[in-house]
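Undergrad: Input structure: my_file.pdb, which contains PDB, C-alpha atoms, pLDDT in the B column.
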MODEL        1
ATOM      1  CA  GLN A   1      37.093  10.940  23.087  1.00 82.00           C
ATOM      2  CA  VAL A   2      36.159  14.026  21.097  1.00 90.00           C
ATOM      3  CA  GLN A   3      38.343  15.030  18.157  1.00 94.00           C
ATOM      4  CA  LEU A   4      38.235  18.363  16.366  1.00 96.00           C
ATOM      5  CA  VAL A   5      39.926  19.051  13.029  1.00 97.00           C
ATOM      6  CA  GLU A   6      40.129  22.576  11.623  1.00 97.00           C
ATOM      7  CA  SER A   7      40.700  23.425   7.977  1.00 98.00           C
ATOM      8  CA  GLY A   8      40.398  26.333   5.579  1.00 98.00           C
ATOM      9  CA  GLY A   9      43.212  28.580   6.722  1.00 98.00           C
ATOM     10  CA  GLY A  10      45.657  30.214   4.355  1.00 98.00           C
ATOM     11  CA  LEU A  11      47.216  33.417   3.086  1.00 98.00           C
ATOM     12  CA  VAL A  12      44.902  36.202   1.982  1.00 98.00           C
ATOM     13  CA  GLN A  13      45.245  39.903   1.236  1.00 98.00           C
ATOM     14  CA  ALA A  14      43.699  42.502   3.491  1.00 98.00           C
ATOM     15  CA  GLY A  15      40.036  42.935   2.632  1.00 98.00           C
ATOM     16  CA  GLY A  16      39.718  39.332   1.512  1.00 98.00           C
ATOM     17  CA  SER A  17      37.698  36.436   2.893  1.00 98.00           C
ATOM     18  CA  LEU A  18      38.239  32.937   4.196  1.00 98.00           C
ATOM     19  CA  ARG A  19      35.931  30.265   5.576  1.00 98.00           C
ATOM     20  CA  LEU A  20      37.223  28.010   8.304  1.00 98.00           C
ATOM     21  CA  SER A  21      35.696  24.641   9.073  1.00 98.00           C
ATOM     22  CA  CYS A  22      35.921  22.465  12.162  1.00 98.00           C
ATOM     23  CA  ALA A  23      34.817  18.848  11.903  1.00 97.00           C
ATOM     24  CA  VAL A  24      33.974  17.171  15.197  1.00 95.00           C
ATOM     25  CA  SER A  25      33.864  13.446  15.885  1.00 93.00           C
ATOM     26  CA  GLY A  26      31.155  11.795  17.933  1.00 81.00           C
ATOM     27  CA  ARG A  27      27.410  11.499  17.975  1.00 81.00           C
ATOM     28  CA  THR A  28      26.667  14.290  20.429  1.00 88.00           C
ATOM     29  CA  PHE A  29      27.893  17.288  18.413  1.00 89.00           C
ATOM     30  CA  SER A  30      24.410  18.808  18.219  1.00 86.00           C
ATOM     31  CA  SER A  31      24.089  18.864  22.004  1.00 87.00           C
ATOM     32  CA  TYR A  32      26.942  21.253  22.698  1.00 92.00           C
ATOM     33  CA  ASP A  33      27.935  24.847  22.110  1.00 94.00           C
ATOM     34  CA  MET A  34      30.996  25.448  19.934  1.00 96.00           C
ATOM     35  CA  GLY A  35      33.547  28.231  19.888  1.00 98.00           C
ATOM     36  CA  TRP A  36      36.358  29.694  17.825  1.00 98.00           C
ATOM     37  CA  PHE A  37      39.481  31.165  19.385  1.00 98.00           C
ATOM     38  CA  ARG A  38      42.725  32.516  17.955  1.00 98.00           C
ATOM     39  CA  GLN A  39      46.307  33.039  19.027  1.00 98.00           C
ATOM     40  CA  ALA A  40      48.646  35.521  17.388  1.00 97.00           C
ATOM     41  CA  PRO A  41      52.431  35.235  17.754  1.00 92.00           C
ATOM     42  CA  GLY A  42      53.545  36.393  21.185  1.00 95.00           C
ATOM     43  CA  LYS A  43      49.990  36.836  22.423  1.00 97.00           C
ATOM     44  CA  GLU A  44      47.583  34.852  24.537  1.00 98.00           C
ATOM     45  CA  ARG A  45      44.786  32.851  22.988  1.00 97.00           C
ATOM     46  CA  GLU A  46      41.646  34.962  22.688  1.00 98.00           C
ATOM     47  CA  PHE A  47      37.960  34.381  22.157  1.00 98.00           C
ATOM     48  CA  VAL A  48      36.544  35.014  18.685  1.00 98.00           C
ATOM     49  CA  ALA A  49      32.994  33.659  18.518  1.00 98.00           C
ATOM     50  CA  THR A  50      30.634  31.097  19.981  1.00 98.00           C
ATOM     51  CA  ILE A  51      27.441  29.424  18.834  1.00 97.00           C
ATOM     52  CA  SER A  52      24.815  27.586  20.846  1.00 96.00           C
ATOM     53  CA  TRP A  53      23.997  23.909  20.321  1.00 93.00           C
ATOM     54  CA  SER A  54      20.978  24.760  18.163  1.00 92.00           C
ATOM     55  CA  GLY A  55      22.666  27.554  16.264  1.00 91.00           C
ATOM     56  CA  GLY A  56      20.064  29.961  17.511  1.00 92.00           C
ATOM     57  CA  SER A  57      22.421  32.061  19.582  1.00 97.00           C
ATOM     58  CA  THR A  58      25.777  33.519  18.627  1.00 98.00           C
ATOM     59  CA  TYR A  59      28.226  35.856  20.317  1.00 98.00           C
ATOM     60  CA  TYR A  60      31.301  37.647  18.967  1.00 98.00           C
ATOM     61  CA  ALA A  61      34.346  39.471  20.184  1.00 98.00           C
ATOM     62  CA  ASP A  62      34.099  43.186  19.508  1.00 98.00           C
ATOM     63  CA  SER A  63      37.147  42.990  17.255  1.00 98.00           C
ATOM     64  CA  VAL A  64      35.369  40.727  14.732  1.00 98.00           C
ATOM     65  CA  LYS A  65      31.731  41.766  15.116  1.00 98.00           C
ATOM     66  CA  GLY A  66      30.183  42.623  11.767  1.00 98.00           C
ATOM     67  CA  ARG A  67      32.996  40.922   9.824  1.00 98.00           C
ATOM     68  CA  PHE A  68      32.948  37.288  11.019  1.00 98.00           C
ATOM     69  CA  THR A  69      29.996  34.890  11.103  1.00 98.00           C
ATOM     70  CA  ILE A  70      29.893  31.624  13.029  1.00 98.00           C
ATOM     71  CA  SER A  71      27.500  28.891  11.913  1.00 98.00           C
ATOM     72  CA  ARG A  72      27.038  25.159  12.270  1.00 97.00           C
ATOM     73  CA  ASP A  73      25.646  22.193  10.395  1.00 96.00           C
ATOM     74  CA  ASN A  74      24.609  19.584  12.931  1.00 94.00           C
ATOM     75  CA  ALA A  75      23.969  17.023  10.210  1.00 94.00           C
ATOM     76  CA  LYS A  76      27.643  17.281   9.225  1.00 95.00           C
ATOM     77  CA  ASN A  77      29.090  17.683  12.739  1.00 95.00           C
ATOM     78  CA  THR A  78      30.801  20.836  11.522  1.00 97.00           C
ATOM     79  CA  VAL A  79      31.104  24.414  12.703  1.00 98.00           C
ATOM     80  CA  TYR A  80      32.188  27.217  10.393  1.00 98.00           C
ATOM     81  CA  LEU A  81      33.722  30.651  10.689  1.00 98.00           C
ATOM     82  CA  GLN A  82      33.161  32.925   7.717  1.00 98.00           C
ATOM     83  CA  MET A  83      35.688  35.740   7.849  1.00 98.00           C
ATOM     84  CA  ASN A  84      35.190  38.796   5.654  1.00 98.00           C
ATOM     85  CA  SER A  85      37.021  42.121   5.396  1.00 98.00           C
ATOM     86  CA  LEU A  86      40.107  40.531   6.873  1.00 98.00           C
ATOM     87  CA  LYS A  87      42.764  42.742   8.431  1.00 98.00           C
ATOM     88  CA  PRO A  88      46.459  42.084   9.096  1.00 97.00           C
ATOM     89  CA  GLU A  89      45.644  42.012  12.815  1.00 97.00           C
ATOM     90  CA  ASP A  90      43.460  38.954  12.201  1.00 98.00           C
ATOM     91  CA  THR A  91      46.642  36.968  11.503  1.00 98.00           C
ATOM     92  CA  ALA A  92      46.729  34.084  13.980  1.00 98.00           C
ATOM     93  CA  VAL A  93      46.292  30.382  14.451  1.00 98.00           C
ATOM     94  CA  TYR A  94      42.568  29.718  14.727  1.00 98.00           C
ATOM     95  CA  TYR A  95      41.243  26.972  16.980  1.00 98.00           C
ATOM     96  CA  CYS A  96      37.816  25.507  17.529  1.00 97.00           C
ATOM     97  CA  LYS A  97      36.763  24.323  20.932  1.00 97.00           C
ATOM     98  CA  THR A  98      34.007  22.377  22.610  1.00 95.00           C
ATOM     99  CA  ARG A  99      33.311  21.643  26.232  1.00 90.00           C
ATOM    100  CA  ARG A 100      32.177  18.355  27.650  1.00 86.00           C
ATOM    101  CA  GLY A 101      31.693  17.173  31.192  1.00 84.00           C
ATOM    102  CA  SER A 102      35.207  15.744  31.008  1.00 82.00           C
ATOM    103  CA  GLY A 103      36.757  19.076  30.043  1.00 88.00           C
ATOM    104  CA  ASP A 104      37.602  21.293  27.085  1.00 93.00           C
ATOM    105  CA  TYR A 105      38.584  19.848  23.726  1.00 94.00           C
ATOM    106  CA  TRP A 106      40.601  21.755  21.141  1.00 96.00           C
ATOM    107  CA  GLY A 107      41.567  21.188  17.548  1.00 96.00           C
ATOM    108  CA  GLN A 108      45.133  21.445  16.293  1.00 97.00           C
ATOM    109  CA  GLY A 109      44.535  24.872  14.766  1.00 98.00           C
ATOM    110  CA  THR A 110      44.707  26.347  11.288  1.00 98.00           C
ATOM    111  CA  GLN A 111      46.943  29.264  10.302  1.00 98.00           C
ATOM    112  CA  VAL A 112      45.390  32.416   8.895  1.00 98.00           C
ATOM    113  CA  THR A 113      47.760  35.034   7.512  1.00 98.00           C
ATOM    114  CA  VAL A 114      46.498  38.382   6.235  1.00 98.00           C
ATOM    115  CA  SER A 115      48.946  40.447   4.220  1.00 98.00           C
ATOM    116  CA  SER A 116      48.714  44.217   4.011  1.00 94.00           C
TER     117      SER A 116
ENDMDL
END
Would you mind giving the structure from this file in structure tokens?
TA:
Amino acid sequence: QVQLVESGGGLVQAGGSLRLSCAVSGRTFSSYDMGWFRQAPGKEREFVATISWSGGSTYYADSVKGRFTISRDNAKNTVYLQMNSLKPEDTAVYYCKTRRGSGDYWGQGTQVTVSS
């Protein structure tokens, strides 16, 4: 069983920064791509960013490109999301996700609130 635990959310003013972390259990973390998603109140969950197993390839939603950076530390079984120049529309619960042969695994989410 794979377990994911996000942390690092909080309340920040517009223009500020936060770094989210997602710790993943298991010995095969370095073999799999990882992703961040978010869900704002009343909206569907949406893609934010993804990173390949090696960290050599990343991809971002247009809405966060140039402001957010996804990275990973395979020695620590952790993926990060550095969020800069935050906007009120970035307010959401942020989730990390990984995919295994048995299906998708999600963390419990961490709340990010950006005040204007």
Undergrad: In Å, rounded to a single decimal, give me how far atom CA of Pro88 of chain A is from atom CA of Asp62 of chain A.
TA: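 Separation between atom CA of Asp62 of chain A and atom CA of Pro88 of chain A: 16.2 Å.
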Undergrad: Starting from the shown file, work through the PyMOL selection byres ((chain A and resi 106) around 7) and note down what comes out as a list in words.
TA: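 With the PyMOL selection byres ((chain A and resi 106) around 7) on this model, the match is Leu4, Tyr95, Cys96, Lys97, Thr98, Asp104, Tyr105, Gly107 and Gln108 of chain A.
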Undergrad: Evaluate the PyMOL selection byres ((chain A and resi 86) around 7) on the structure here and hand back the selected residues as a PyMOL selection string.
TA: chain A and resi 14-17+83-85+87-88+90+114
Undergrad: Just write the chosen residues, C-alpha atoms, as a PDB file, in the frame of the given file.
TA:
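Heads up, here's the output in out.pdb:
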ATOM      1  CA  ALA A  14      43.699  42.502   3.491  1.00 98.00           C
ATOM      2  CA  GLY A  15      40.036  42.935   2.632  1.00 98.00           C
ATOM      3  CA  GLY A  16      39.718  39.332   1.512  1.00 98.00           C
ATOM      4  CA  SER A  17      37.698  36.436   2.893  1.00 98.00           C
ATOM      5  CA  MET A  83      35.688  35.740   7.849  1.00 98.00           C
ATOM      6  CA  ASN A  84      35.190  38.796   5.654  1.00 98.00           C
ATOM      7  CA  SER A  85      37.021  42.121   5.396  1.00 98.00           C
ATOM      8  CA  LYS A  87      42.764  42.742   8.431  1.00 98.00           C
ATOM      9  CA  PRO A  88      46.459  42.084   9.096  1.00 97.00           C
ATOM     10  CA  ASP A  90      43.460  38.954  12.201  1.00 98.00           C
ATOM     11  CA  VAL A 114      46.498  38.382   6.235  1.00 98.00           C
TER      12      VAL A 114
END
Undergrad: Please determine, counting all atoms listed in the file, which residue among A:Val79, A:Val12, A:Ala23, A:Ile70 has the shortest atom-to-atom distance to Val48 of chain A.
TA: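 So, comparing all the options, the nearest one is A:Ile70.
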Undergrad: Given the choices A:Arg38, A:Arg19, A:Lys65, A:Arg99, which gets closest to Gln82 of chain A if the distance is worked out from all atoms listed in the file?
TA: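 Using all atoms listed in the file, the shortest distance to Gln82 of chain A belongs to A:Arg19.
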Undergrad: Just how far from atom CA of Lys76 of chain A is atom CA of Gly10 of chain A, in Å to one decimal?
TA: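 The value is 22.7 Å.
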Undergrad: In Å, with one decimal, what is the gap from atom CA of Arg67 of chain A to atom CA of Val24 of chain A?
TA: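 Between atom CA of Arg67 of chain A and atom CA of Val24 of chain A the gap works out to 24.4 Å.
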Undergrad: Any chance you could resolve the PyMOL selection byres ((chain A and resi 112) around 9) against this file and give the residues as a PyMOL selection string?
TA: chain A and resi 8-12+18+90-94+110-111+113-114
Undergrad: Rank A:Asn77, A:Thr28, A:Ser63, A:Thr69 by their smallest atom-to-atom distance to Val5 of chain A, using all atoms listed in the file, and report the top residue only.
TA: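 Among A:Asn77, A:Thr28, A:Ser63, A:Thr69, it is A:Asn77 that comes nearest to Val5 of chain A.
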Undergrad: Need the axis-aligned box for segment 49-63 of chain A with 5 Å each side, so what are the centre and edges in Å to one decimal, as AutoDock Vina command-line options?
TA:
--center_x 28.6 --center_y 33.5 --center_z 18.6 --size_x 27.1 --size_y 29.3 --size_z 14.6
Undergrad: Looking at A:Val64, A:Met34, A:Cys22, A:Val2, which one is nearest to Glu89 of chain A, with distances taken over all atoms listed in the file?
TA: A:Val64
Undergrad: Distance cut-off 9 Å, centre (35.5, 8.4, 22.1) in file coordinates, counting only C-alpha atoms: which residues qualify? Return them as a PDB file with C-alpha atoms, in the frame of the given file.
TA:
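Output file point-v4.pdb follows:
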ATOM      1  CA  GLN A   1      37.093  10.940  23.087  1.00 82.00           C
ATOM      2  CA  VAL A   2      36.159  14.026  21.097  1.00 90.00           C
ATOM      3  CA  GLN A   3      38.343  15.030  18.157  1.00 94.00           C
ATOM      4  CA  SER A  25      33.864  13.446  15.885  1.00 93.00           C
ATOM      5  CA  GLY A  26      31.155  11.795  17.933  1.00 81.00           C
TER       6      GLY A  26
END
Undergrad: Find the residue from A:Tyr32, A:Ser116, A:Ser102, A:Leu81 that sits nearest to Ala49 of chain A; use all atoms listed in the file when measuring.
TA: A:Leu81
Undergrad: Using only C-alpha atoms, which of the listed residues (A:Thr78, A:Thr58, A:Ser52, A:Gln39) sits closest to Leu20 of chain A?
TA: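 Closest to Leu20 of chain A, using only C-alpha atoms: A:Thr78.
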